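K.L.:
What follows is a structure written as C-alpha cells; I'll ask about it next.
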Amino acid sequence: MPLSQSFAAYLRRFDYAERQAMKIGVAEALDLYAARLHELDRSKLIITLCPHYDRAEIARLFLTLEGFQSRYLNEGMLGLVDALRGDKARDLMRRLSGQS
C-alpha cells in the first residue's frame, strides 16, 4: 500500500484513544530520562532546543545539574529556521566560507 494511502487509512481511524496513546506523561518521561542518561557523552557540549526556548532552558538546567556541559539555543528552533532561509542562508554560507 502506498504511503499516502496508508496515511489516509491511519487518519480515518485516528480517534481520542489513539491521541492519548501517542502522548507521554511526566512520570514516564522522567523514568526514560533516568534510564537513558548514561547514553549521553559527558565530554561533549549538549545543545538543547525547542520551538521557542523555554523548554530548552529547563532541559539545559537539568543536564547542567547532572554534570553535563550544556547550553540552549536562545532563539529557539523557529529562530534557527528563520536564519536558514533564502538570502539569510546564502549570506551565512558566504560568511562561513570567508567570502564577503
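Residues are referred to by chain and number: the chain letter is A, B, ... according to the order shown in the C-alpha cells, the number counts from 1 in that chain, and ligands are numbered separately from 1 in the order shown.
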Leu49 (chain A): which residues within 9 Å, counting only C-alpha atoms, same-chain residues fewer than 3 positions away excluded, as a list in words?

P.N.:
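Near Leu49 (chain A), the qualifying residues are His52, Tyr53, Asp54, Arg55, Ala56, Glu57, Ala59, Arg60, Arg71, Tyr72, Leu73, Asn74, Glu75, Gly76 and Met77 of chain A.
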
K.L.:
Among the residues of chain A, find those DSSP assigns to strand (DSSP E or B) from the backbone and print them as a PyMOL selection string.

P.N.:
chain A and resi 46-48+70-72

K.L.:
Could you turn the residues from that selection into a file that holds N, CA and C atoms, as a PDB file, in the first residue's frame?

P.N.:
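The resulting result-v4.pdb:
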ATOM      1  N   ILE A  46      26.342  19.736  25.012  1.00  0.00           N
ATOM      2  CA  ILE A  46      24.998  19.355  24.580  1.00  0.00           C
ATOM      3  C   ILE A  46      24.182  20.628  24.408  1.00  0.00           C
ATOM      4  N   ILE A  47      23.629  20.806  23.213  1.00  0.00           N
ATOM      5  CA  ILE A  47      22.792  21.961  22.911  1.00  0.00           C
ATOM      6  C   ILE A  47      21.337  21.515  22.973  1.00  0.00           C
ATOM      7  N   THR A  48      20.540  22.192  23.778  1.00  0.00           N
ATOM      8  CA  THR A  48      19.117  21.872  23.863  1.00  0.00           C
ATOM      9  C   THR A  48      18.338  22.912  23.072  1.00  0.00           C
ATOM     10  N   SER A  70      26.215  22.080  29.052  1.00  0.00           N
ATOM     11  CA  SER A  70      25.077  22.269  28.155  1.00  0.00           C
ATOM     12  C   SER A  70      24.750  23.742  27.979  1.00  0.00           C
ATOM     13  N   ARG A  71      24.174  24.026  26.834  1.00  0.00           N
ATOM     14  CA  ARG A  71      23.703  25.370  26.511  1.00  0.00           C
ATOM     15  C   ARG A  71      22.387  25.222  25.767  1.00  0.00           C
ATOM     16  N   TYR A  72      21.628  26.315  25.668  1.00  0.00           N
ATOM     17  CA  TYR A  72      20.386  26.248  24.898  1.00  0.00           C
ATOM     18  C   TYR A  72      20.417  27.272  23.781  1.00  0.00           C
TER      19      TYR A  72
END

K.L.:
What's the 12 Å shell around Leu37 (chain A), counting only C-alpha atoms, without same-chain residues fewer than 5 positions away, as number ranges by chain?

P.N.:
A: 29-32, 42, 62-63, 66-68

K.L.:
Could you go through region 54-100 of chain A and tell me which residues DSSP, when run on the backbone, assigns to helix (DSSP H, G or I), listing them as a ChimeraX atom specification?

P.N.:
/A:54-65,76-83,86-97

K.L.:
With C-alpha atoms retained, export the selected residues as a compact mmCIF listing (two decimals), in the first residue's frame.

P.N.:
# COMPACT_ATOMS: atom_id res chain seq x y z
CA ASP A 54 11.62 27.90 27.31
CA ARG A 55 11.64 24.08 27.46
CA ALA A 56 15.19 24.06 26.13
CA GLU A 57 16.27 26.12 29.12
CA ILE A 58 14.60 23.66 31.51
CA ALA A 59 16.38 20.75 29.78
CA ARG A 60 19.69 22.65 29.90
CA LEU A 61 19.29 23.26 33.62
CA PHE A 62 18.54 19.57 34.23
CA LEU A 63 21.62 18.48 32.24
CA THR A 64 23.83 21.04 33.97
CA LEU A 65 22.67 19.85 37.39
CA GLY A 76 14.72 28.54 19.56
CA MET A 77 14.21 26.31 16.54
CA LEU A 78 11.98 28.91 14.91
CA GLY A 79 14.78 31.46 15.08
CA LEU A 80 17.23 28.94 13.64
CA VAL A 81 14.89 28.07 10.78
CA ASP A 82 14.39 31.76 10.04
CA ALA A 83 18.17 32.25 9.90
CA GLY A 86 16.69 32.30 1.47
CA ASP A 87 19.08 35.24 1.43
CA LYS A 88 19.92 34.80 5.12
CA ALA A 89 21.13 31.25 4.47
CA ARG A 90 23.15 32.38 1.45
CA ASP A 91 24.75 35.19 3.45
CA LEU A 92 25.55 32.81 6.32
CA MET A 93 27.23 30.34 3.96
CA ARG A 94 29.28 33.17 2.44
CA ARG A 95 30.40 34.32 5.90
CA LEU A 96 31.31 30.77 6.92
CA SER A 97 33.33 30.22 3.76

K.L.:
For CA of Arg19 (chain A) and CA of Tyr33 (chain A), determine how far apart the two atoms are, in Å to one decimal place.

P.N.:
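That distance, rounded to one decimal, is 22.5 Å.
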
K.L.:
When you draw a straight line from CA of Leu40 (chain A) to CA of Gln20 (chain A), how long is it in Å?

P.N.:
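A separation of 29.0 Å between them.
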